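For reference, my_file-v1.cif (mmCIF, C-alpha atoms):
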data_target
#
loop_
_atom_site.label_atom_id
_atom_site.label_comp_id
_atom_site.auth_asym_id
_atom_site.auth_seq_id
_atom_site.Cartn_x
_atom_site.Cartn_y
_atom_site.Cartn_z
CA MET T 1 39.24 8.88 -14.50
CA ALA T 2 37.82 11.26 -11.93
CA ASP T 3 39.78 12.57 -8.98
CA ARG T 4 39.00 11.11 -5.58
CA PRO T 5 36.59 10.91 -3.86
CA ASP T 6 35.06 8.66 -6.49
CA ALA T 7 31.29 8.13 -6.84
CA GLY T 8 31.19 5.45 -4.14
CA GLU T 9 33.20 7.55 -1.71
CA LEU T 10 30.94 10.55 -2.33
CA LEU T 11 27.87 8.43 -1.61
CA GLU T 12 29.50 7.23 1.57
CA ALA T 13 30.26 10.79 2.64
CA VAL T 14 26.60 11.84 2.18
CA LEU T 15 25.43 8.68 3.94
CA GLU T 16 27.63 9.48 6.94
CA PHE T 17 26.42 13.07 6.99
CA LEU T 18 22.79 11.92 7.07
CA ALA T 19 23.52 9.34 9.76
CA THR T 20 25.52 11.55 12.08
CA GLU T 21 24.16 15.06 11.52
CA VAL T 22 20.65 14.89 10.06
CA LEU T 23 19.12 11.78 11.65
CA PRO T 24 19.92 12.64 15.30
CA ASP T 25 18.38 16.11 14.82
CA ALA T 26 15.23 14.90 13.03
CA THR T 27 12.43 16.45 15.04
CA ASP T 28 9.38 14.49 13.98
CA GLN T 29 8.71 10.86 13.06
CA ARG T 30 8.05 11.66 9.43
CA GLN T 31 11.32 13.54 8.97
CA LYS T 32 13.19 10.72 10.69
CA PHE T 33 11.52 8.14 8.45
CA ARG T 34 12.36 10.07 5.29
CA THR T 35 15.97 10.41 6.35
CA LEU T 36 16.18 6.65 6.86
CA VAL T 37 14.63 6.13 3.42
CA ALA T 38 17.20 8.49 1.88
CA MET T 39 20.02 6.60 3.61
CA ASN T 40 18.59 3.35 2.29
CA ALA T 41 18.55 4.79 -1.25
CA LEU T 42 22.21 5.79 -0.97
CA GLY T 43 23.04 2.31 0.36
CA ILE T 44 21.45 0.75 -2.75
CA ALA T 45 23.46 3.04 -5.01
CA ARG T 46 26.64 2.20 -3.07
CA ARG T 47 26.07 -1.57 -3.42
CA GLU T 48 25.22 -1.18 -7.09
CA LEU T 49 28.56 0.50 -7.73
CA ASP T 50 30.41 -2.31 -5.96
CA SER T 51 28.36 -5.10 -7.46
CA ASP T 52 29.64 -7.59 -9.98
CA GLU T 53 26.31 -9.47 -10.09
CA GLU T 54 25.64 -11.16 -13.42
CA THR T 55 22.05 -10.17 -14.03
CA LEU T 56 20.02 -10.86 -17.16
CA SER T 57 20.48 -8.14 -19.80
CA ALA T 58 17.64 -5.77 -20.68
CA GLU T 59 17.25 -7.64 -23.97
CA GLU T 60 17.07 -11.04 -22.25
CA LEU T 61 14.53 -9.67 -19.76
CA ARG T 62 12.33 -8.29 -22.55
CA GLU T 63 12.46 -11.59 -24.46
CA LEU T 64 11.65 -13.69 -21.42
CA ALA T 65 8.80 -11.36 -20.38
CA ALA T 66 7.30 -11.40 -23.88
CA ARG T 67 7.60 -15.17 -24.10
CA ILE T 68 5.83 -15.71 -20.77
CA ARG T 69 3.13 -13.16 -21.68
CA ALA T 70 2.51 -15.10 -24.92
CA GLY T 71 1.86 -18.22 -22.87
CA ASP T 72 5.13 -19.96 -23.75
CA VAL T 73 6.63 -20.35 -20.26
CA PRO T 74 10.12 -21.97 -20.39
CA GLU T 75 10.40 -25.19 -18.38
CA ASP T 76 13.14 -23.80 -16.14
CA ALA T 77 11.64 -20.28 -15.79
CA LEU T 78 11.01 -20.47 -12.04
CA PRO T 79 14.60 -21.19 -10.87
CA ILE T 80 16.03 -18.74 -13.42
CA LEU T 81 13.67 -15.99 -12.28
CA LYS T 82 14.29 -16.69 -8.59
CA GLU T 83 18.02 -16.32 -9.14
CA HIS T 84 17.51 -13.17 -11.24
CA VAL T 85 15.36 -11.54 -8.53
CA ALA T 86 17.77 -12.71 -5.80
CA ALA T 87 20.58 -10.96 -7.69
CA LYS T 88 18.52 -7.73 -7.75
CA LEU T 89 17.87 -8.06 -4.02
CA ARG T 90 21.55 -8.58 -3.19
CA VAL T 91 21.88 -4.96 -4.34
CA ALA T 92 18.49 -3.53 -3.33
CA ASN T 93 17.99 -5.23 0.06
CA PRO T 94 20.37 -8.06 1.04
CA ASP T 95 18.80 -8.33 4.53
CA TYR T 96 15.46 -9.21 2.98
CA LEU T 97 16.90 -12.28 1.24
CA GLN T 98 18.09 -13.63 4.57
CA LEU T 99 14.47 -14.05 5.64
CA TYR T 100 14.29 -16.97 3.22
CA GLU T 101 17.31 -18.87 4.50
CA MET H 102 -6.36 34.26 9.57
CA PHE H 103 -3.97 31.29 9.75
CA ASP H 104 -2.30 32.47 6.57
CA VAL H 105 -4.45 30.05 4.53
CA PRO H 106 -6.54 31.82 1.88
CA TRP H 107 -9.46 29.38 2.15
CA ALA H 108 -9.72 29.42 5.98
CA GLY H 109 -12.77 31.73 5.77
CA ASP H 110 -14.52 29.41 3.29
CA LEU H 111 -13.78 26.47 5.55
CA ALA H 112 -15.40 28.17 8.56
CA GLU H 113 -18.43 29.09 6.47
CA ARG H 114 -18.94 25.57 5.11
CA LEU H 115 -18.49 24.02 8.55
CA GLY H 116 -20.76 26.65 10.08
CA ALA H 117 -18.30 27.02 12.93
CA GLU H 118 -15.45 29.20 13.96
CA VAL H 119 -12.05 27.71 13.04
CA GLU H 120 -9.91 27.79 16.17
CA SER H 121 -6.77 26.23 14.70
CA MET H 122 -5.57 24.49 11.58
CA GLN H 123 -2.33 22.69 10.80
CA LEU H 124 -1.10 20.79 7.75
CA LEU H 125 -0.17 17.28 8.92
CA ALA H 126 0.89 15.66 5.67
CA GLY H 127 0.98 16.89 2.15
CA GLY H 128 1.66 14.80 -0.89
CA ALA H 129 1.15 15.67 -4.54
CA SER H 130 -2.37 14.25 -4.53
CA LYS H 131 -3.78 14.61 -0.98
CA GLU H 132 -3.36 16.90 2.01
CA ALA H 133 -4.42 16.17 5.58
CA TRP H 134 -5.21 19.09 7.89
CA ALA H 135 -5.82 18.95 11.63
CA VAL H 136 -8.60 21.48 12.18
CA ASP H 137 -10.25 22.48 15.44
CA ALA H 138 -13.59 24.16 14.75
CA GLY H 139 -16.60 24.85 16.95
CA GLY H 140 -15.04 22.73 19.69
CA GLU H 141 -14.75 19.71 17.37
CA ARG H 142 -11.51 17.96 16.45
CA LEU H 143 -11.60 17.47 12.68
CA LEU H 144 -9.40 16.08 9.97
CA VAL H 145 -9.79 17.80 6.62
CA ARG H 146 -8.71 15.80 3.59
CA ARG H 147 -8.08 18.06 0.62
CA ALA H 148 -6.88 17.36 -2.91
CA ALA H 149 -3.45 18.74 -3.71
CA GLY H 150 -2.28 20.21 -6.98
CA GLY H 151 -0.65 17.16 -8.44
CA VAL H 152 -2.12 14.51 -10.66
CA ILE H 153 -4.40 12.20 -8.69
CA HIS H 154 -3.50 8.54 -8.57
CA GLU H 155 -5.72 7.03 -11.25
CA ALA H 156 -6.86 4.09 -9.10
CA THR H 157 -8.17 6.28 -6.27
CA LEU H 158 -11.65 7.72 -5.79
CA PRO H 159 -12.28 11.48 -5.98
CA LEU H 160 -12.82 12.94 -2.50
CA GLU H 161 -16.57 13.39 -2.98
CA GLN H 162 -16.92 9.65 -3.64
CA GLU H 163 -14.54 8.70 -0.83
CA PHE H 164 -16.75 10.76 1.52
CA GLU H 165 -19.83 8.89 0.28
CA VAL H 166 -18.08 5.53 0.88
CA LEU H 167 -17.26 6.65 4.42
CA ARG H 168 -20.92 7.54 4.99
CA ALA H 169 -22.12 4.21 3.62
CA ALA H 170 -19.60 2.39 5.84
CA GLU H 171 -20.81 4.30 8.90
CA GLU H 172 -24.44 3.48 8.04
CA ALA H 173 -23.44 -0.19 7.82
CA GLY H 174 -21.99 -0.02 11.33
CA VAL H 175 -18.34 -0.18 10.25
CA ARG H 176 -15.98 1.53 12.70
CA VAL H 177 -14.93 4.61 10.77
CA PRO H 178 -14.12 8.19 11.79
CA HIS H 179 -17.43 10.04 11.60
CA PRO H 180 -17.75 11.74 8.19
CA VAL H 181 -18.69 15.33 9.06
CA ALA H 182 -19.21 17.18 5.78
CA TYR H 183 -18.24 17.21 2.15
CA LEU H 184 -16.89 20.72 1.72
CA GLY H 185 -16.84 21.16 -2.04
CA GLU H 186 -13.90 23.17 -3.31
CA LEU H 187 -11.65 25.01 -0.87
CA GLY H 188 -9.19 27.23 -2.67
CA GLY H 189 -10.03 25.47 -5.93
CA ARG H 190 -9.60 21.91 -4.66
CA GLU H 191 -12.20 19.56 -3.24
CA ALA H 192 -12.14 18.57 0.41
CA PHE H 193 -14.12 16.84 3.12
CA ALA H 194 -14.08 16.90 6.92
CA MET H 195 -14.20 13.90 9.20
CA GLN H 196 -13.69 13.21 12.88
CA ARG H 197 -10.01 13.37 13.88
CA VAL H 198 -9.18 10.17 15.74
CA GLU H 199 -6.29 9.03 17.89
CA GLY H 200 -4.56 5.70 18.25
CA GLU H 201 -1.82 3.56 16.79
CA THR H 202 -1.64 3.01 13.04
CA ILE H 203 2.01 2.01 12.59
CA GLY H 204 2.08 -1.68 11.65
CA ARG H 205 5.52 -2.35 13.08
CA ARG H 206 4.38 -1.13 16.51
CA ILE H 207 1.02 -2.92 16.43
CA VAL H 208 2.57 -6.34 15.71
CA ARG H 209 4.87 -5.96 18.71
CA ASP H 210 1.96 -6.20 21.14
CA PRO H 211 -1.39 -6.58 19.36
CA PRO H 212 -4.51 -6.16 21.53
CA ALA H 213 -6.37 -9.41 22.22
CA GLY H 214 -9.13 -10.12 19.73
CA LEU H 215 -7.80 -7.90 16.94
CA ASP H 216 -7.86 -10.87 14.53
CA LEU H 217 -11.58 -11.46 15.08
CA GLN H 218 -12.37 -7.74 15.00
CA LEU H 219 -10.75 -7.51 11.57
CA ALA H 220 -13.08 -10.29 10.37
CA GLU H 221 -16.08 -8.53 11.93
CA GLU H 222 -15.38 -5.21 10.21
CA LEU H 223 -14.76 -6.94 6.90
CA ALA H 224 -18.09 -8.79 7.08
CA LYS H 225 -19.86 -5.44 7.67
CA ILE H 226 -18.07 -3.78 4.75
CA HIS H 227 -18.91 -6.64 2.42
CA ALA H 228 -22.59 -6.35 3.38
CA ILE H 229 -22.87 -2.73 2.12
CA PRO H 230 -25.38 -2.86 -0.75
CA PRO H 231 -23.43 -2.08 -3.96
CA GLU H 232 -26.39 0.03 -5.19
CA ARG H 233 -25.72 2.40 -2.26
CA LEU H 234 -22.43 3.33 -4.03
CA PRO H 235 -23.31 3.24 -7.75
CA PHE H 236 -20.06 4.93 -8.81
CA LEU H 237 -17.85 2.04 -7.64
CA THR H 238 -16.38 -0.05 -10.45
CA GLY H 239 -14.97 -3.53 -10.69
CA GLY H 240 -13.61 -5.30 -13.71
CA GLU H 241 -11.26 -8.11 -14.55
CA ILE H 242 -8.42 -7.86 -12.06
CA LEU H 243 -5.65 -9.67 -13.99
CA ALA H 244 -6.31 -7.62 -17.14
CA ARG H 245 -6.06 -4.47 -15.01
CA PHE H 246 -2.72 -5.57 -13.53
CA GLU H 247 -1.38 -6.39 -16.99
CA ALA H 248 -2.30 -2.89 -18.22
CA GLU H 249 -0.69 -1.28 -15.14
CA LEU H 250 2.49 -3.31 -15.64
CA ASP H 251 2.60 -2.25 -19.30
CA SER H 252 2.31 1.39 -18.22
CA VAL H 253 5.60 1.02 -16.30
CA GLY H 254 7.54 0.33 -19.50
CA GLU H 255 10.13 -2.01 -17.96
CA ALA H 256 10.36 -5.79 -18.47
CA HIS H 257 9.48 -7.81 -15.35
CA PRO H 258 9.44 -11.51 -16.27
CA ALA H 259 8.95 -12.49 -12.61
CA ILE H 260 5.67 -10.56 -12.55
CA GLU H 261 4.71 -12.02 -15.94
CA TYR H 262 5.36 -15.47 -14.47
CA GLY H 263 3.04 -14.65 -11.56
CA LEU H 264 0.35 -13.42 -13.96
CA ALA H 265 0.63 -16.61 -16.05
CA TRP H 266 0.41 -18.76 -12.90
CA LEU H 267 -2.66 -16.85 -11.69
CA ARG H 268 -4.39 -17.01 -15.07
CA GLU H 269 -3.96 -20.76 -15.26
CA ARG H 270 -5.51 -21.31 -11.84
CA ALA H 271 -8.11 -18.53 -11.65
CA PRO H 272 -10.85 -19.62 -9.23
CA GLU H 273 -14.54 -19.25 -9.98
CA PRO H 274 -15.12 -15.72 -8.60
CA LEU H 275 -17.48 -15.19 -5.68
CA PRO H 276 -20.30 -12.70 -6.32
CA SER H 277 -19.00 -9.11 -6.32
CA VAL H 278 -19.25 -7.05 -3.12
CA VAL H 279 -18.12 -3.59 -1.95
CA LEU H 280 -14.42 -3.88 -1.07
CA HIS H 281 -12.34 -1.59 1.12
CA GLY H 282 -9.47 -2.09 -1.31
CA ASP H 283 -6.55 -1.59 1.12
CA PHE H 284 -7.63 -3.56 4.18
CA ARG H 285 -4.49 -4.20 6.28
CA LEU H 286 -2.50 -2.99 9.29
CA GLY H 287 -1.41 0.54 8.55
CA ASN H 288 -4.98 1.53 7.70
CA VAL H 289 -6.39 0.36 11.03
CA VAL H 290 -6.42 2.54 14.15
CA VAL H 291 -5.75 0.39 17.20
CA SER H 292 -5.82 1.10 20.95
CA GLU H 293 -5.32 -1.21 23.93
CA ARG H 294 -9.07 -1.93 23.64
CA GLY H 295 -8.60 -3.27 20.12
CA LEU H 296 -9.66 -2.10 16.69
CA GLU H 297 -11.01 1.46 16.81
CA TYR H 298 -11.32 2.71 13.23
CA LEU H 299 -10.71 1.78 9.61
CA LEU H 300 -9.07 4.47 7.50
CA ASP H 301 -8.18 5.17 3.88
CA TRP H 302 -11.20 4.30 1.80
CA GLU H 303 -9.88 5.81 -1.43
CA PHE H 304 -9.24 2.40 -3.05
CA ALA H 305 -12.81 1.12 -2.53
CA HIS H 306 -14.12 -0.86 -5.49
CA LEU H 307 -16.26 -3.89 -6.36
CA GLY H 308 -14.89 -7.41 -6.53
CA ASP H 309 -14.49 -10.88 -5.06
CA PRO H 310 -14.57 -10.58 -1.22
CA THR H 311 -11.52 -12.88 -0.98
CA GLU H 312 -9.42 -10.00 -2.35
CA ASP H 313 -9.97 -8.00 0.88
CA VAL H 314 -9.86 -11.10 3.11
CA ALA H 315 -6.43 -12.18 1.79
CA TRP H 316 -4.76 -8.73 1.48
CA PRO H 317 -3.59 -8.48 5.15
CA ILE H 318 -1.95 -11.91 4.74
CA VAL H 319 0.57 -10.59 2.21
CA ARG H 320 4.08 -10.70 3.69
CA ALA H 321 4.70 -6.94 3.50
CA TRP H 322 1.70 -6.38 5.82
CA ARG H 323 3.03 -8.78 8.48
CA PHE H 324 5.59 -6.12 9.38
CA GLY H 325 8.31 -8.64 10.18
CA ARG H 326 6.15 -11.03 12.25
CA ASP H 327 6.14 -13.78 9.62
CA ASP H 328 5.21 -16.49 12.10
CA LEU H 329 1.72 -14.97 12.27
CA ARG H 330 0.23 -15.20 8.79
CA LEU H 331 -2.65 -12.81 9.43
CA GLY H 332 -0.99 -9.41 9.37
CA GLY H 333 1.65 -10.43 11.93
CA ILE H 334 -1.03 -10.51 14.62
CA GLY H 335 -2.76 -13.90 14.40
CA GLU H 336 -3.46 -17.17 12.64
CA VAL H 337 -5.83 -17.16 9.69
CA GLU H 338 -8.20 -19.96 10.81
CA PRO H 339 -10.10 -18.08 13.57
CA TYR H 340 -10.27 -15.01 11.31
CA LEU H 341 -11.78 -17.02 8.44
CA GLU H 342 -14.20 -18.76 10.80
CA ARG H 343 -15.45 -15.50 12.29
CA TYR H 344 -15.80 -14.02 8.80
CA ALA H 345 -17.81 -17.06 7.62
CA GLU H 346 -20.10 -16.83 10.68
CA LEU H 347 -20.93 -13.20 10.03
CA ALA H 348 -20.78 -12.97 6.26
CA GLY H 349 -22.39 -16.35 5.60
CA ARG H 350 -19.61 -17.01 3.14
CA GLU H 351 -17.00 -19.75 3.58
CA ILE H 352 -13.47 -18.95 2.51
CA ALA H 353 -11.13 -21.92 2.99
CA VAL H 354 -7.47 -21.62 3.98
CA GLU H 355 -6.58 -23.28 0.65
CA ASP H 356 -8.41 -20.49 -1.21
CA LEU H 357 -5.98 -17.92 0.15
CA LEU H 358 -2.82 -18.95 -1.76
CA TRP H 359 -4.08 -17.71 -5.13
CA TRP H 360 -5.01 -14.36 -3.58
CA GLU H 361 -1.78 -14.15 -1.60
CA VAL H 362 0.22 -14.54 -4.81
CA LEU H 363 -2.09 -11.97 -6.41
CA GLY H 364 -1.58 -9.61 -3.46
CA ASN H 365 2.19 -9.76 -3.81
CA LEU H 366 1.87 -9.20 -7.54
CA LYS H 367 -0.43 -6.22 -6.94
CA TRP H 368 2.04 -4.68 -4.49
CA ALA H 369 5.00 -5.38 -6.83
CA ILE H 370 3.24 -3.55 -9.66
CA GLY H 371 2.08 -0.86 -7.21
CA SER H 372 5.67 -0.28 -6.11
CA LEU H 373 6.78 0.10 -9.73
CA THR H 374 3.98 2.52 -10.63
CA GLN H 375 4.60 4.57 -7.46
CA SER H 376 8.28 4.94 -8.36
CA ARG H 377 7.18 6.16 -11.82
CA ARG H 378 5.27 8.98 -10.12
CA HIS H 379 8.69 10.17 -8.96
CA LEU H 380 10.54 9.38 -12.19
CA ASN H 381 8.04 11.14 -14.46
CA GLY H 382 7.84 14.16 -12.18
CA LEU H 383 4.26 13.82 -10.95
CA GLU H 384 5.44 13.60 -7.35
CA ARG H 385 9.17 13.93 -6.65
CA SER H 386 9.95 11.94 -3.50
CA VAL H 387 12.81 9.70 -2.36
CA GLU H 388 10.23 7.43 -0.68
CA LEU H 389 8.47 6.79 -3.98
CA ALA H 390 11.74 6.54 -5.90
CA VAL H 391 13.16 3.76 -3.77
CA LEU H 392 10.00 1.65 -4.19
CA GLY H 393 11.12 0.92 -7.76
CA ARG H 394 14.01 -1.09 -6.33
CA LEU H 395 11.96 -2.67 -3.53
CA ALA H 396 9.43 -4.17 -5.96
CA ALA H 397 11.96 -7.04 -6.17
CA GLU H 398 11.01 -8.05 -2.58
CA LYS H 399 7.44 -8.75 -3.66
CA GLU H 400 8.64 -10.45 -6.85
CA TYR H 401 10.78 -12.78 -4.75
CA GLU H 402 7.94 -13.51 -2.34
CA LEU H 403 5.51 -14.40 -5.13
CA LEU H 404 8.05 -16.70 -6.81
CA ASP H 405 8.83 -18.32 -3.46
CA LEU H 406 5.12 -18.87 -2.71
CA ILE H 407 4.69 -20.52 -6.10
CA ALA H 408 7.84 -22.64 -5.68
CA ARG H 409 6.77 -23.86 -2.24
CA HIS H 410 3.02 -24.31 -2.67
CA GLY H 411 2.16 -23.89 -6.33
#

Could the structure of this file be written out as structure tokens, please?
Amino acid sequence: MADRPDAGELLEAVLEFLATEVLPDATDQRQKFRTLVAMNALGIARRELDSDEETLSAEELRELAARIRAGDVPEDALPILKEHVAAKLRVANPDYLQLYE
Amino acid sequence: MFDVPWAGDLAERLGAEVESMQLLAGGASKEAWAVDAGGERLLVRRAAGGVIHEATLPLEQEFEVLRAAEEAGVRVPHPVAYLGELGGREAFAMQRVEGETIGRRIVRDPPAGLDLQLAEELAKIHAIPPERLPFLTGGEILARFEAELDSVGEAHPAIEYGLAWLRERAPEPLPSVVLHGDFRLGNVVVSERGLEYLLDWEFAHLGDPTEDVAWPIVRAWRFGRDDLRLGGIGEVEPYLERYAELAGREIAVEDLLWWEVLGNLKWAIGSLTQSRRHLNGLERSVELAVLGRLAAEKEYELLDLIARHG
């Protein structure tokens, strides 16, 4: 067990630093854009740490991918895959999923 | 002079005095320099030290594509000169142009007629005789995607599902033409007058014209304006009609779905391979890194398209 701040709290600290000290001072568009991208990356890491999403295991993903590649597409593949990708997006970009509601 | 060791070579090749030069953007594979020389405003594109993206043309060929496009009347920045190697890396000079290229800003208030102008430029590109650019290659697109996906080395059953769906419904291909290869907002320079220039010809290749026609329809290139299917700036029907008038080639609205799914699949795989450029050290960049996680957006969109229309 690590001392505090834990990994999530450290990510949050860096995120706040970027938001309050780096972003307002970004001089050109490109630097501003890259700072926003970096903040987005930290946000993904933060959500991943907090997530208890039940995603398919690496083994299950490999099996399903190989099966589909071989032309043997499971009957219920589409809903299973939609839910699997939705679970990834709840970590990677939850706002994006809302576009489909 | 200017602290750049090849500035003298540049002046010599251009046959003009270099008044100023400034690096605008530098990635691992390409640099862009704003150069003022002999009273002309130039943009010099120069290879960088890193490994070149395998799907892109070498600069000498990209320059030739630009020339062929200009000859065909396509609105492109004037290609000024292929410069050979500058400081050990190839480069070319073209006219430096001004205007808006940021998709998110263009969709906020698109100039009237931009939808039809896109169709007009596309018809001109697709009329370039392929023999004018003998180095361009084509090939079976789904096989290429499958190989690119395999190079990522990560299981993506959603993409496999898309590939299987596409394979089962592959349309009879239209005769191959010269394609821009990345025809969408972001690579279009726009002013209040409308479309000014088409940029970024490095992905030019041969293939079914519908590939270019449908690429700006992909959700990512609507920049948030999802109510307007054509690049967030218009409806597809007038665009397809104008294209058919000029190109003499009918592409029906129903033909677009297959290519829209393919476009999302292409961009999903593209996002994964870009993130690998970061992960394997070819080009360390947080922008590229994060794309590995954002590939899921395109996976979701392709599954949703199939669920709703397929």

Rounded to one decimal place, report the CA of Ala70 in chain T-CA of Trp266 in chain H distance in Å.
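Separation between CA of Ala70 in chain T and CA of Trp266 in chain H: 12.7 Å.
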
Show which residues sit within 9 Å of range 86-100 of chain T, as an MDAnalysis selection string. Count all atoms listed in the file, and ignore same-chain residues fewer than 2 positions away.
(chainID T and resid 40:41 43:48 51 53:55 81:84) or (chainID H and resid 394:395 397:398 401 405)

Please write the residues from the selection above to a file, keeping C-alpha atoms, as a PDB file, in the frame of the given file.
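Printed below is part-v7.pdb as written:
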ATOM      1  CA  ASN T  40      18.590   3.350   2.290  1.00  0.00           C
ATOM      2  CA  ALA T  41      18.550   4.790  -1.250  1.00  0.00           C
ATOM      3  CA  GLY T  43      23.040   2.310   0.360  1.00  0.00           C
ATOM      4  CA  ILE T  44      21.450   0.750  -2.750  1.00  0.00           C
ATOM      5  CA  ALA T  45      23.460   3.040  -5.010  1.00  0.00           C
ATOM      6  CA  ARG T  46      26.640   2.200  -3.070  1.00  0.00           C
ATOM      7  CA  ARG T  47      26.070  -1.570  -3.420  1.00  0.00           C
ATOM      8  CA  GLU T  48      25.220  -1.180  -7.090  1.00  0.00           C
ATOM      9  CA  SER T  51      28.360  -5.100  -7.460  1.00  0.00           C
ATOM     10  CA  GLU T  53      26.310  -9.470 -10.090  1.00  0.00           C
ATOM     11  CA  GLU T  54      25.640 -11.160 -13.420  1.00  0.00           C
ATOM     12  CA  THR T  55      22.050 -10.170 -14.030  1.00  0.00           C
ATOM     13  CA  LEU T  81      13.670 -15.990 -12.280  1.00  0.00           C
ATOM     14  CA  LYS T  82      14.290 -16.690  -8.590  1.00  0.00           C
ATOM     15  CA  GLU T  83      18.020 -16.320  -9.140  1.00  0.00           C
ATOM     16  CA  HIS T  84      17.510 -13.170 -11.240  1.00  0.00           C
TER      17      HIS T  84
ATOM     18  CA  ARG H 394      14.010  -1.090  -6.330  1.00  0.00           C
ATOM     19  CA  LEU H 395      11.960  -2.670  -3.530  1.00  0.00           C
ATOM     20  CA  ALA H 397      11.960  -7.040  -6.170  1.00  0.00           C
ATOM     21  CA  GLU H 398      11.010  -8.050  -2.580  1.00  0.00           C
ATOM     22  CA  TYR H 401      10.780 -12.780  -4.750  1.00  0.00           C
ATOM     23  CA  ASP H 405       8.830 -18.320  -3.460  1.00  0.00           C
TER      24      ASP H 405
END

Contact residues around range 208-219 of chain H with only C-alpha atoms at 10 Å, ignoring same-chain residues under 2 positions, as a PyMOL selection string:
chain H and resi 203-206+221-224+284-286+289+291-297+299+314+317+322-326+329+331-344

Run the PyMOL selection byres ((chain H and resi 107) around 12) on the file and write out the hits as a ChimeraX atom specification.
/H:102-106,108-114,119,122,147,184-192

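Counting all atoms listed in the file and comparing H:Glu346, H:Glu261, H:Asp283, H:Glu361, the residue that lies closest to chain T is H:Glu261.
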
Can I get a file of range 55-68 of chain T from the given structure, C-alpha atoms kept, as a short mmCIF file (atom, residue, chain, number, x, y, z; two decimals), in the first residue's frame?
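Dumped everything to part28.cif:
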data_model
loop_
_atom_site.label_atom_id
_atom_site.label_comp_id
_atom_site.auth_asym_id
_atom_site.auth_seq_id
_atom_site.Cartn_x
_atom_site.Cartn_y
_atom_site.Cartn_z
CA THR T 55 -15.00 -5.81 -19.99
CA LEU T 56 -14.21 -8.92 -22.00
CA SER T 57 -10.84 -10.43 -21.04
CA ALA T 58 -7.90 -10.33 -23.45
CA GLU T 59 -8.39 -14.06 -24.03
CA GLU T 60 -12.10 -13.65 -24.80
CA LEU T 61 -11.33 -10.77 -27.17
CA ARG T 62 -8.72 -12.82 -29.04
CA GLU T 63 -11.10 -15.77 -29.37
CA LEU T 64 -13.99 -13.66 -30.59
CA ALA T 65 -11.76 -11.77 -33.06
CA ALA T 66 -10.32 -15.01 -34.46
CA ARG T 67 -13.76 -16.57 -34.75
CA ILE T 68 -15.16 -13.60 -36.68
#
